[in-house]
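Next up, start-v1.cif (mmCIF, C-alpha atoms):
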data_my_file
#
loop_
_atom_site.group_PDB
_atom_site.id
_atom_site.type_symbol
_atom_site.label_atom_id
_atom_site.label_comp_id
_atom_site.auth_asym_id
_atom_site.auth_seq_id
_atom_site.Cartn_x
_atom_site.Cartn_y
_atom_site.Cartn_z
ATOM 1 C CA MET P 282 -55.518 28.535 -21.172
ATOM 2 C CA LYS P 283 -53.156 25.807 -20.054
ATOM 3 C CA VAL P 284 -53.756 24.342 -16.615
ATOM 4 C CA GLU P 285 -49.955 24.004 -16.232
ATOM 5 C CA PHE P 286 -49.787 27.794 -15.720
ATOM 6 C CA VAL P 287 -51.734 27.388 -12.476
ATOM 7 C CA GLU P 288 -49.384 25.133 -10.508
ATOM 8 C CA PRO P 289 -46.529 27.694 -10.100
ATOM 9 C CA PHE P 290 -48.984 30.099 -8.423
ATOM 10 C CA VAL P 291 -50.323 27.366 -6.142
ATOM 11 C CA LYS P 292 -46.824 26.362 -5.060
ATOM 12 C CA ALA P 293 -45.742 29.987 -4.581
ATOM 13 C CA ALA P 294 -48.872 30.836 -2.539
ATOM 14 C CA ARG P 295 -48.330 27.811 -0.309
ATOM 15 C CA ASP P 296 -44.656 28.686 0.280
ATOM 16 C CA VAL P 297 -45.201 32.401 0.878
ATOM 17 C CA PHE P 298 -48.081 31.910 3.359
ATOM 18 C CA GLN P 299 -45.972 29.426 5.294
ATOM 19 C CA LEU P 300 -42.863 31.568 5.180
ATOM 20 C CA MET P 301 -44.429 34.922 6.032
ATOM 21 C CA MET P 302 -47.387 33.954 8.211
ATOM 22 C CA ASP P 303 -46.780 30.347 9.344
ATOM 23 C CA LEU P 304 -50.109 29.480 7.722
ATOM 24 C CA ASP P 305 -50.932 26.186 6.044
ATOM 25 C CA VAL P 306 -52.794 26.664 2.806
ATOM 26 C CA ARG P 307 -55.136 23.983 1.417
ATOM 27 C CA ARG P 308 -56.114 24.164 -2.198
ATOM 28 C CA GLY P 309 -59.675 23.499 -3.377
ATOM 29 C CA GLY P 310 -60.917 22.343 -6.785
ATOM 30 C CA LEU P 311 -60.217 24.387 -9.909
ATOM 31 C CA ARG P 312 -63.150 26.293 -11.456
ATOM 32 C CA ALA P 313 -63.524 28.239 -14.684
ATOM 33 C CA SER P 314 -65.149 31.656 -14.930
ATOM 34 C CA GLU P 315 -66.233 33.748 -17.886
ATOM 35 C CA GLU P 316 -65.259 36.940 -16.126
ATOM 36 C CA LEU P 317 -62.344 38.155 -14.063
ATOM 37 C CA ILE P 318 -63.974 39.927 -11.155
ATOM 38 C CA PRO P 319 -63.059 40.120 -7.432
ATOM 39 C CA SER P 320 -64.748 37.348 -5.463
ATOM 40 C CA LYS P 321 -64.001 38.922 -2.068
ATOM 41 C CA ASP P 322 -63.513 42.355 -0.431
ATOM 42 C CA ALA P 323 -59.832 43.153 -1.024
ATOM 43 C CA SER P 324 -58.044 42.172 -4.207
ATOM 44 C CA VAL P 325 -54.680 42.600 -5.859
ATOM 45 C CA ALA P 326 -54.294 42.510 -9.641
ATOM 46 C CA ILE P 327 -50.900 41.778 -11.145
ATOM 47 C CA ALA P 328 -50.254 41.970 -14.870
ATOM 48 C CA VAL P 329 -47.873 39.506 -16.509
ATOM 49 C CA THR P 330 -45.850 40.223 -19.637
ATOM 50 C CA GLY P 331 -43.239 38.371 -21.692
ATOM 51 C CA ASP P 332 -43.717 34.867 -23.111
ATOM 52 C CA LEU P 333 -47.014 34.793 -21.197
ATOM 53 C CA LEU P 334 -49.497 37.657 -21.202
ATOM 54 C CA GLY P 335 -52.397 38.262 -18.857
ATOM 55 C CA SER P 336 -53.373 38.935 -15.273
ATOM 56 C CA ILE P 337 -53.517 37.320 -11.885
ATOM 57 C CA LEU P 338 -56.170 38.452 -9.420
ATOM 58 C CA TYR P 339 -55.816 37.622 -5.722
ATOM 59 C CA SER P 340 -59.025 38.101 -3.731
ATOM 60 C CA PHE P 341 -59.263 38.101 0.086
ATOM 61 C CA PRO P 342 -62.037 38.699 2.640
ATOM 62 C CA LYS P 343 -61.550 41.892 4.679
ATOM 63 C CA GLN P 344 -61.134 40.134 8.031
ATOM 64 C CA MET P 345 -58.630 37.689 6.598
ATOM 65 C CA THR P 346 -56.602 40.585 5.165
ATOM 66 C CA LEU P 347 -56.514 42.277 8.573
ATOM 67 C CA ASP P 348 -55.528 38.990 10.245
ATOM 68 C CA MET P 349 -52.742 38.359 7.714
ATOM 69 C CA VAL P 350 -51.210 41.763 8.362
ATOM 70 C CA GLU P 351 -51.693 41.332 12.103
ATOM 71 C CA ILE P 352 -49.689 38.093 12.001
ATOM 72 C CA MET P 353 -46.867 39.725 10.029
ATOM 73 C CA ALA P 354 -46.774 42.934 12.075
ATOM 74 C CA GLY P 355 -47.162 41.214 15.454
ATOM 75 C CA MET P 356 -49.610 43.890 16.605
ATOM 76 C CA PRO P 357 -53.381 44.478 16.398
ATOM 77 C CA VAL P 358 -54.545 45.570 12.930
ATOM 78 C CA GLU P 359 -58.131 46.805 12.704
ATOM 79 C CA GLU P 360 -58.487 49.091 9.701
ATOM 80 C CA MET P 361 -58.075 48.648 5.961
ATOM 81 C CA ASP P 362 -55.672 51.570 5.679
ATOM 82 C CA SER P 363 -52.720 52.240 3.372
ATOM 83 C CA PHE P 364 -50.430 50.127 5.551
ATOM 84 C CA VAL P 365 -52.681 47.072 5.246
ATOM 85 C CA VAL P 366 -53.289 47.577 1.540
ATOM 86 C CA SER P 367 -49.559 48.056 0.864
ATOM 87 C CA ALA P 368 -48.670 44.889 2.799
ATOM 88 C CA LEU P 369 -51.386 42.899 1.002
ATOM 89 C CA GLY P 370 -50.133 44.143 -2.363
ATOM 90 C CA GLU P 371 -46.606 43.066 -1.462
ATOM 91 C CA VAL P 372 -47.718 39.571 -0.398
ATOM 92 C CA ALA P 373 -49.414 39.111 -3.808
ATOM 93 C CA ASN P 374 -46.349 40.626 -5.480
ATOM 94 C CA ILE P 375 -44.013 38.187 -3.714
ATOM 95 C CA ILE P 376 -46.232 35.196 -4.600
ATOM 96 C CA SER P 377 -46.340 36.328 -8.240
ATOM 97 C CA GLY P 378 -42.591 36.953 -8.315
ATOM 98 C CA ASN P 379 -41.902 33.438 -7.033
ATOM 99 C CA ALA P 380 -44.427 31.934 -9.480
ATOM 100 C CA VAL P 381 -42.759 33.754 -12.371
ATOM 101 C CA THR P 382 -39.398 32.355 -11.260
ATOM 102 C CA TYR P 383 -40.911 28.845 -11.538
ATOM 103 C CA LEU P 384 -42.371 29.716 -14.969
ATOM 104 C CA ASN P 385 -38.959 31.020 -16.071
ATOM 105 C CA SER P 386 -37.390 27.706 -15.168
ATOM 106 C CA ALA P 387 -40.112 26.012 -17.270
ATOM 107 C CA ASN P 388 -38.816 28.210 -20.112
ATOM 108 C CA TYR P 389 -41.579 30.829 -20.085
ATOM 109 C CA ARG P 390 -39.698 34.088 -19.669
ATOM 110 C CA CYS P 391 -42.067 36.538 -17.958
ATOM 111 C CA ASN P 392 -42.093 39.662 -15.861
ATOM 112 C CA ILE P 393 -44.717 41.174 -13.607
ATOM 113 C CA PHE P 394 -45.978 44.732 -13.207
ATOM 114 C CA PRO P 395 -46.416 46.384 -9.778
ATOM 115 C CA PRO P 396 -49.526 45.287 -7.841
ATOM 116 C CA GLN P 397 -52.786 47.196 -8.294
ATOM 117 C CA ILE P 398 -55.191 47.165 -5.369
ATOM 118 C CA VAL P 399 -58.897 46.665 -6.066
ATOM 119 C CA LEU P 400 -61.262 47.264 -3.132
ATOM 120 C CA GLY P 401 -64.846 46.017 -3.473
ATOM 121 C CA ARG P 402 -66.280 43.580 -5.976
ATOM 122 C CA ASP P 403 -67.481 45.875 -8.746
ATOM 123 C CA THR P 404 -64.485 46.125 -11.055
ATOM 124 C CA ALA P 405 -64.191 43.528 -13.813
ATOM 125 C CA LEU P 406 -60.729 43.180 -15.293
ATOM 126 C CA ASP P 407 -59.770 42.515 -18.908
ATOM 127 C CA MET P 408 -59.248 38.901 -19.825
ATOM 128 C CA VAL P 409 -56.853 37.516 -22.407
ATOM 129 C CA THR P 410 -58.484 34.088 -22.489
ATOM 130 C CA PRO P 411 -62.142 33.102 -22.965
ATOM 131 C CA LYS P 412 -62.202 31.777 -19.409
ATOM 132 C CA ALA P 413 -60.237 32.526 -16.255
ATOM 133 C CA LEU P 414 -59.214 29.707 -13.936
ATOM 134 C CA ILE P 415 -60.070 30.149 -10.267
ATOM 135 C CA VAL P 416 -58.161 28.338 -7.543
ATOM 136 C CA PRO P 417 -59.834 28.531 -4.107
ATOM 137 C CA PHE P 418 -57.652 28.215 -1.004
ATOM 138 C CA GLN P 419 -58.465 27.582 2.645
ATOM 139 C CA THR P 420 -56.463 28.626 5.702
ATOM 140 C CA ARG P 421 -57.318 28.693 9.410
ATOM 141 C CA ILE P 422 -57.998 32.439 9.133
ATOM 142 C CA GLY P 423 -60.204 32.338 6.033
ATOM 143 C CA GLU P 424 -60.586 31.473 2.377
ATOM 144 C CA PHE P 425 -59.169 33.311 -0.605
ATOM 145 C CA ASP P 426 -59.035 32.894 -4.385
ATOM 146 C CA ILE P 427 -56.358 33.231 -7.018
ATOM 147 C CA MET P 428 -57.802 33.885 -10.487
ATOM 148 C CA ILE P 429 -55.597 33.423 -13.495
ATOM 149 C CA THR P 430 -55.921 34.434 -17.129
ATOM 150 C CA LEU P 431 -52.715 33.807 -19.080
ATOM 151 C CA LYS P 432 -51.963 33.070 -22.695
ATOM 152 C CA GLU P 433 -48.792 32.490 -24.654
ATOM 153 C CA ALA P 434 -47.598 35.671 -26.372
ATOM 154 C CA ASN P 435 -46.586 33.867 -29.547
ATOM 155 C CA GLU P 436 -47.052 30.459 -30.984
ATOM 156 C CA ARG P 437 -44.141 28.620 -29.410
ATOM 157 C CA VAL P 438 -42.033 26.435 -31.618
ATOM 158 C CA GLU P 439 -40.595 23.605 -29.620
ATOM 159 C CA ALA P 440 -37.002 23.014 -30.618
ATOM 160 C CA LEU P 441 -36.321 19.340 -30.996
ATOM 161 C CA LEU P 442 -32.590 19.611 -31.504
ATOM 162 C CA MET J 130 -43.208 41.911 18.004
ATOM 163 C CA MET J 131 -42.322 40.949 14.484
ATOM 164 C CA TRP J 132 -39.151 39.008 15.344
ATOM 165 C CA LYS J 133 -39.457 35.214 15.523
ATOM 166 C CA GLU J 134 -36.843 32.738 16.685
ATOM 167 C CA LYS J 135 -37.184 30.848 13.379
ATOM 168 C CA TYR J 136 -35.519 33.860 11.685
ATOM 169 C CA ARG J 137 -32.168 33.050 13.346
ATOM 170 C CA ILE J 138 -29.599 31.875 10.841
ATOM 171 C CA GLY J 139 -27.150 30.747 13.522
ATOM 172 C CA VAL J 140 -24.528 33.425 12.879
ATOM 173 C CA GLU J 141 -24.639 35.641 15.942
ATOM 174 C CA ALA J 142 -23.408 38.908 14.409
ATOM 175 C CA VAL J 143 -25.907 38.702 11.522
ATOM 176 C CA ASP J 144 -28.751 37.577 13.830
ATOM 177 C CA ASN J 145 -28.149 40.524 16.157
ATOM 178 C CA GLN J 146 -28.342 42.989 13.276
ATOM 179 C CA HIS J 147 -31.530 41.346 11.999
ATOM 180 C CA LYS J 148 -33.073 41.579 15.462
ATOM 181 C CA GLU J 149 -32.211 45.270 15.562
ATOM 182 C CA LEU J 150 -33.834 45.788 12.124
ATOM 183 C CA PHE J 151 -37.005 43.954 13.198
ATOM 184 C CA HIS J 152 -37.068 45.889 16.460
ATOM 185 C CA ARG J 153 -36.821 49.222 14.625
ATOM 186 C CA VAL J 154 -39.435 48.347 12.000
ATOM 187 C CA SER J 155 -41.798 47.021 14.698
ATOM 188 C CA ASP J 156 -41.356 50.176 16.726
ATOM 189 C CA PHE J 157 -41.939 52.321 13.644
ATOM 190 C CA LEU J 158 -45.134 50.461 12.695
ATOM 191 C CA ARG J 159 -46.511 50.736 16.222
ATOM 192 C CA ALA J 160 -45.861 54.486 16.199
ATOM 193 C CA VAL J 161 -47.377 54.999 12.732
ATOM 194 C CA GLN J 162 -50.453 52.838 13.388
ATOM 195 C CA ARG J 163 -51.189 54.185 16.870
ATOM 196 C CA LYS J 164 -54.320 56.322 17.055
ATOM 197 C CA GLY J 165 -53.627 60.027 17.487
ATOM 198 C CA ASP J 166 -52.491 63.200 15.835
ATOM 199 C CA TRP J 167 -50.499 62.467 12.676
ATOM 200 C CA SER J 168 -48.169 65.461 12.978
ATOM 201 C CA GLU J 169 -46.884 64.108 16.308
ATOM 202 C CA LYS J 170 -45.739 60.922 14.582
ATOM 203 C CA ILE J 171 -43.625 62.607 11.932
ATOM 204 C CA PRO J 172 -40.418 62.843 14.046
ATOM 205 C CA LYS J 173 -40.542 59.039 14.505
ATOM 206 C CA VAL J 174 -41.018 58.572 10.760
ATOM 207 C CA LYS J 175 -38.023 60.791 9.973
ATOM 208 C CA GLU J 176 -35.907 59.003 12.582
ATOM 209 C CA THR J 177 -36.781 55.582 11.101
ATOM 210 C CA LEU J 178 -36.093 56.694 7.550
ATOM 211 C CA ALA J 179 -32.675 58.073 8.590
ATOM 212 C CA PHE J 180 -31.944 54.873 10.529
ATOM 213 C CA MET J 181 -32.900 52.680 7.559
ATOM 214 C CA GLN J 182 -30.758 54.707 5.178
ATOM 215 C CA GLU J 183 -27.719 54.453 7.475
ATOM 216 C CA TYR J 184 -28.131 51.101 9.188
ATOM 217 C CA VAL J 185 -28.968 49.038 6.133
ATOM 218 C CA ILE J 186 -25.715 50.208 4.550
ATOM 219 C CA VAL J 187 -23.797 48.932 7.592
ATOM 220 C CA HIS J 188 -25.845 45.738 7.824
ATOM 221 C CA PHE J 189 -25.685 44.921 4.113
ATOM 222 C CA ARG J 190 -21.927 45.614 4.028
ATOM 223 C CA ASP J 191 -21.328 43.365 7.050
ATOM 224 C CA GLU J 192 -23.568 40.651 5.595
ATOM 225 C CA GLU J 193 -21.898 40.856 2.185
ATOM 226 C CA ASP J 194 -18.398 40.799 3.794
ATOM 227 C CA TYR J 195 -19.414 37.708 5.738
ATOM 228 C CA GLN J 196 -20.736 36.042 2.570
ATOM 229 C CA LEU J 197 -17.427 36.691 0.797
ATOM 230 C CA GLN J 198 -15.495 35.357 3.783
ATOM 231 C CA ILE J 199 -17.393 32.036 3.730
ATOM 232 C CA GLY J 200 -17.481 31.807 -0.081
ATOM 233 C CA PHE J 201 -21.294 31.988 -0.227
ATOM 234 C CA PRO J 202 -22.259 30.998 -3.793
ATOM 235 C CA GLU J 203 -25.288 33.322 -3.980
ATOM 236 C CA TYR J 204 -23.251 36.418 -3.080
ATOM 237 C CA GLU J 205 -23.896 38.343 -6.319
ATOM 238 C CA GLU J 206 -27.640 37.621 -6.296
ATOM 239 C CA HIS J 207 -27.879 38.643 -2.672
ATOM 240 C CA LYS J 208 -25.912 41.829 -3.302
ATOM 241 C CA ALA J 209 -28.305 42.765 -6.121
ATOM 242 C CA VAL J 210 -31.303 42.275 -3.779
ATOM 243 C CA HIS J 211 -29.623 44.535 -1.209
ATOM 244 C CA ALA J 212 -29.063 47.173 -3.901
ATOM 245 C CA ARG J 213 -32.743 47.068 -4.927
ATOM 246 C CA PHE J 214 -33.797 47.508 -1.310
ATOM 247 C CA ARG J 215 -31.502 50.540 -0.859
ATOM 248 C CA GLU J 216 -32.998 51.949 -4.052
ATOM 249 C CA MET J 217 -36.542 51.421 -2.703
ATOM 250 C CA ILE J 218 -35.648 53.259 0.523
ATOM 251 C CA ASN J 219 -34.074 56.113 -1.445
ATOM 252 C CA GLN J 220 -37.082 56.383 -3.762
ATOM 253 C CA TYR J 221 -39.353 56.790 -0.745
ATOM 254 C CA ALA J 222 -36.959 59.398 0.701
ATOM 255 C CA VAL J 223 -37.342 61.358 -2.560
ATOM 256 C CA ARG J 224 -41.140 60.974 -2.490
ATOM 257 C CA PHE J 225 -41.274 62.132 1.153
ATOM 258 C CA ALA J 226 -39.239 65.202 0.179
ATOM 259 C CA ASP J 227 -41.550 65.935 -2.772
ATOM 260 C CA GLU J 228 -44.944 64.938 -1.374
ATOM 261 C CA GLY J 229 -44.392 65.416 2.361
ATOM 262 C CA PHE J 230 -44.682 62.834 5.135
ATOM 263 C CA THR J 231 -48.358 62.160 4.493
ATOM 264 C CA GLN J 232 -50.091 59.385 6.425
ATOM 265 C CA ASN J 233 -50.935 57.414 3.279
ATOM 266 C CA LEU J 234 -47.420 57.492 1.885
ATOM 267 C CA VAL J 235 -45.812 56.641 5.231
ATOM 268 C CA GLN J 236 -48.220 53.718 5.728
ATOM 269 C CA GLU J 237 -47.492 52.455 2.219
ATOM 270 C CA PHE J 238 -43.758 52.629 3.035
ATOM 271 C CA GLY J 239 -44.423 50.730 6.292
ATOM 272 C CA GLY J 240 -46.166 47.900 4.424
ATOM 273 C CA LYS J 241 -43.250 47.521 2.014
ATOM 274 C CA LEU J 242 -40.616 47.737 4.727
ATOM 275 C CA MET J 243 -42.304 45.061 6.833
ATOM 276 C CA THR J 244 -42.886 42.554 4.035
ATOM 277 C CA TRP J 245 -39.409 43.069 2.571
ATOM 278 C CA LEU J 246 -37.742 42.500 5.926
ATOM 279 C CA ILE J 247 -39.705 39.306 6.612
ATOM 280 C CA VAL J 248 -39.009 37.810 3.189
ATOM 281 C CA HIS J 249 -35.371 38.847 3.215
ATOM 282 C CA VAL J 250 -34.611 37.401 6.631
ATOM 283 C CA ALA J 251 -37.053 34.446 6.670
ATOM 284 C CA ASP J 252 -36.125 33.242 3.196
ATOM 285 C CA MET J 253 -33.004 34.638 1.517
ATOM 286 C CA ASP J 254 -30.802 34.921 4.603
ATOM 287 C CA GLN J 255 -31.722 31.427 5.764
ATOM 288 C CA ARG J 256 -29.697 30.176 2.814
ATOM 289 C CA ILE J 257 -26.559 31.693 4.399
ATOM 290 C CA GLY J 258 -27.190 29.626 7.543
ATOM 291 C CA ALA J 259 -27.937 26.520 5.468
ATOM 292 C CA TYR J 260 -24.703 26.984 3.500
ATOM 293 C CA VAL J 261 -22.642 27.376 6.688
ATOM 294 C CA ARG J 262 -24.158 24.170 8.081
ATOM 295 C CA GLU J 263 -23.451 22.331 4.802
ATOM 296 C CA GLN J 264 -19.824 23.398 5.056
ATOM 297 C CA GLY J 265 -19.534 21.708 8.435
ATOM 298 C CA GLY J 266 -20.860 24.455 10.664
ATOM 299 C CA ARG J 267 -17.804 26.723 10.873
ATOM 300 C CA VAL J 268 -18.943 30.349 11.003
#

Can you present the structure in this file as structure tokens?
Amino acid sequence: MKVEFVEPFVKAARDVFQLMMDLDVRRGGLRASEELIPSKDASVAIAVTGDLLGSILYSFPKQMTLDMVEIMAGMPVEEMDSFVVSALGEVANIISGNAVTYLNSANYRCNIFPPQIVLGRDTALDMVTPKALIVPFQTRIGEFDIMITLKEANERVEALL
Amino acid sequence: MMWKEKYRIGVEAVDNQHKELFHRVSDFLRAVQRKGDWSEKIPKVKETLAFMQEYVIVHFRDEEDYQLQIGFPEYEEHKAVHARFREMINQYAVRFADEGFTQNLVQEFGGKLMTWLIVHVADMDQRIGAYVREQGGRV
């Protein structure tokens, strides 16, 4: 899997957290994993199709999820209910949508499927690459991961003309 | 409250409508998320859905008219985003009619409404304000 597929998601995550929650996001070092499995309590899986195929998995601690929604809603948020899960899914959806826009401008035409919520850490997802890349992030309200497994749908022929 | 001063685009008529939208969504979320008997919350849910269906038409039309008036270059893109939002609201209206105003479905709707509104106003609509300022600030 090409490391260049990671940067659009990093940029999009940084922008969306700042825009929607006024949160600064610091990126940690990239790791590789042989499985795509939630690293924290609440996760959102988003499938990618088009020139790139695969999945993105966003994984957040429970308290961080509640705090994120609390910041957006401007009111106390204490339970992981359908409101919180829906908002979390949309945040991951918006990050992915922005990342795909960046990939489109790099000439990878892709689309995303609606977000799927995964609660708990038991469900392993299918991988399209031998290893998934994991990008850890830090914010003042907690740490989260974005895990990426993406491959090119077809052998791309670079036009030189 | 969900509204933040950074959401102002500097065009008073548009800002006032945005504030009203944030106020309504905030109010709706507080009602839905408050502890208590679910059936007592349903009138508020119906009122908000009706408001969204009516008010967004007025707001989007006013915003689109304003964009045309100032020659906003992203008018078509913005109009398409408005259309998708109206479609989302209408799809939920259909689901509420079919499945009932269940707590889960209403909360899911609340999550989408809130995030959409923040992104729309904090990101997309800021470009209207930026364009007006680029043109010399006449609004």

Find the residues around Met408 (chain P) up to 8 Å (all atoms listed in the file counted), leave out those fewer than 3 positions away in its own chain, and share them as number ranges by chain. P: 316-317, 335-336, 411-413, 430

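The shell of residues at most 8 Å from region 130-143 of chain J, with all atoms listed in the file counted and near chain neighbours (fewer than 3 positions) removed, consists of Met353, Ala354, Gly355 and Met356 of chain P; Gln146, His147, Lys148, Phe151, His152, Ser155, His188, Asp191, Glu192, Val250, Ala251, Asp254, Gln255, Ile257, Gly258, Ala259 and Val268 of chain J.
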
Please check the contacts: residues of chain J at most 12 Å away from chain P, using all atoms listed in the file, listed as a ChimeraX atom specification. /J:130-133,135-136,151-152,154-164,231-253,255

Determine, counting all atoms listed in the file, which protein, DNA and RNA residues have an atom within 9 Å of an atom of Phe341 (chain P); residues of the same chain fewer than 6 positions away are not included. Present the result as a count of residues only. 11

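Put simply, CA of Asn379 (chain P) is 5.7 Å away from CA of Ala293 (chain P).
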
Could you state the separation of CA of Ala294 (chain P) and CA of Arg215 (chain J) in Å, given to one decimal place?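 Computed distance, CA of Ala294 (chain P) to CA of Arg215 (chain J), equals 26.3 Å.
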
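The interatomic distance for the pair CA of Phe201 (chain J) and CA of Arg256 (chain J) works out to 9.1 Å.
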
Might I get the box with edges along x, y and z of the file that holds all atoms of region 398-403 of chain P listed there, padded by 3 Å on every side, given as centre and edge lengths in Å to one decimal, as lines of an AutoDock Vina configuration file?
center_x = -61.3
center_y = 45.4
center_z = -5.9
size_x = 18.3
size_y = 9.7
size_z = 11.6

From the options P:Arg402, P:Leu347, P:Val416, P:Glu433, which residue's atoms come nearest to Arg307 (chain P), counting only C-alpha atoms?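 Using only C-alpha atoms, Arg307 (chain P) sits closest to P:Val416.
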
May I have the residues within 12 Å of Tyr204 (chain J) as a list of chain:residue names, using only C-alpha atoms and disregarding those fewer than 2 positions away in the same chain?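 Within the cut-off, the hits are J:Phe189, J:Arg190, J:Glu192, J:Glu193, J:Asp194, J:Tyr195, J:Gln196, J:Leu197, J:Gln198, J:Ile199, J:Gly200, J:Phe201, J:Pro202, J:Glu206, J:His207, J:Lys208, J:Ala209, J:Val210, J:His211, J:Met253, J:Asp254, J:Arg256, J:Ile257, J:Tyr260.
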
Which residues would end up in the selection if the PyMOL selection byres ((chain P and resi 432) around 7) were applied here, given that I need the answer as an MDAnalysis selection string? chainID P and resid 282 333:335 409:410 430:431 433:434

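Once Thr177 (chain J) and its same-chain neighbours fewer than 2 positions away are set aside, Arg153, Val154, Phe157, Lys173, Val174, Lys175, Ala179, Phe180 and Met181 of chain J remain within 8 Å of it when counting only C-alpha atoms.
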
For the PyMOL selection byres ((chain P and resi 305) around 8), applied here, can you spell out every residue it catches as a ChimeraX atom specification? /P:295,298-299,303-304,306-307,420-421

Closest to Ile429 (chain P) among P:Asp348, P:Asp296, P:Asp403, P:Glu288, using only C-alpha atoms?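 Among P:Asp348, P:Asp296, P:Asp403, P:Glu288, it is P:Glu288 that comes nearest to Ile429 (chain P).
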
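Residue nearest Val287 (chain P) within the list P:Ile422, P:Leu384, P:Ala326, P:Ala373: P:Leu384 [criterion: smallest interatomic distance, all atoms listed in the file].
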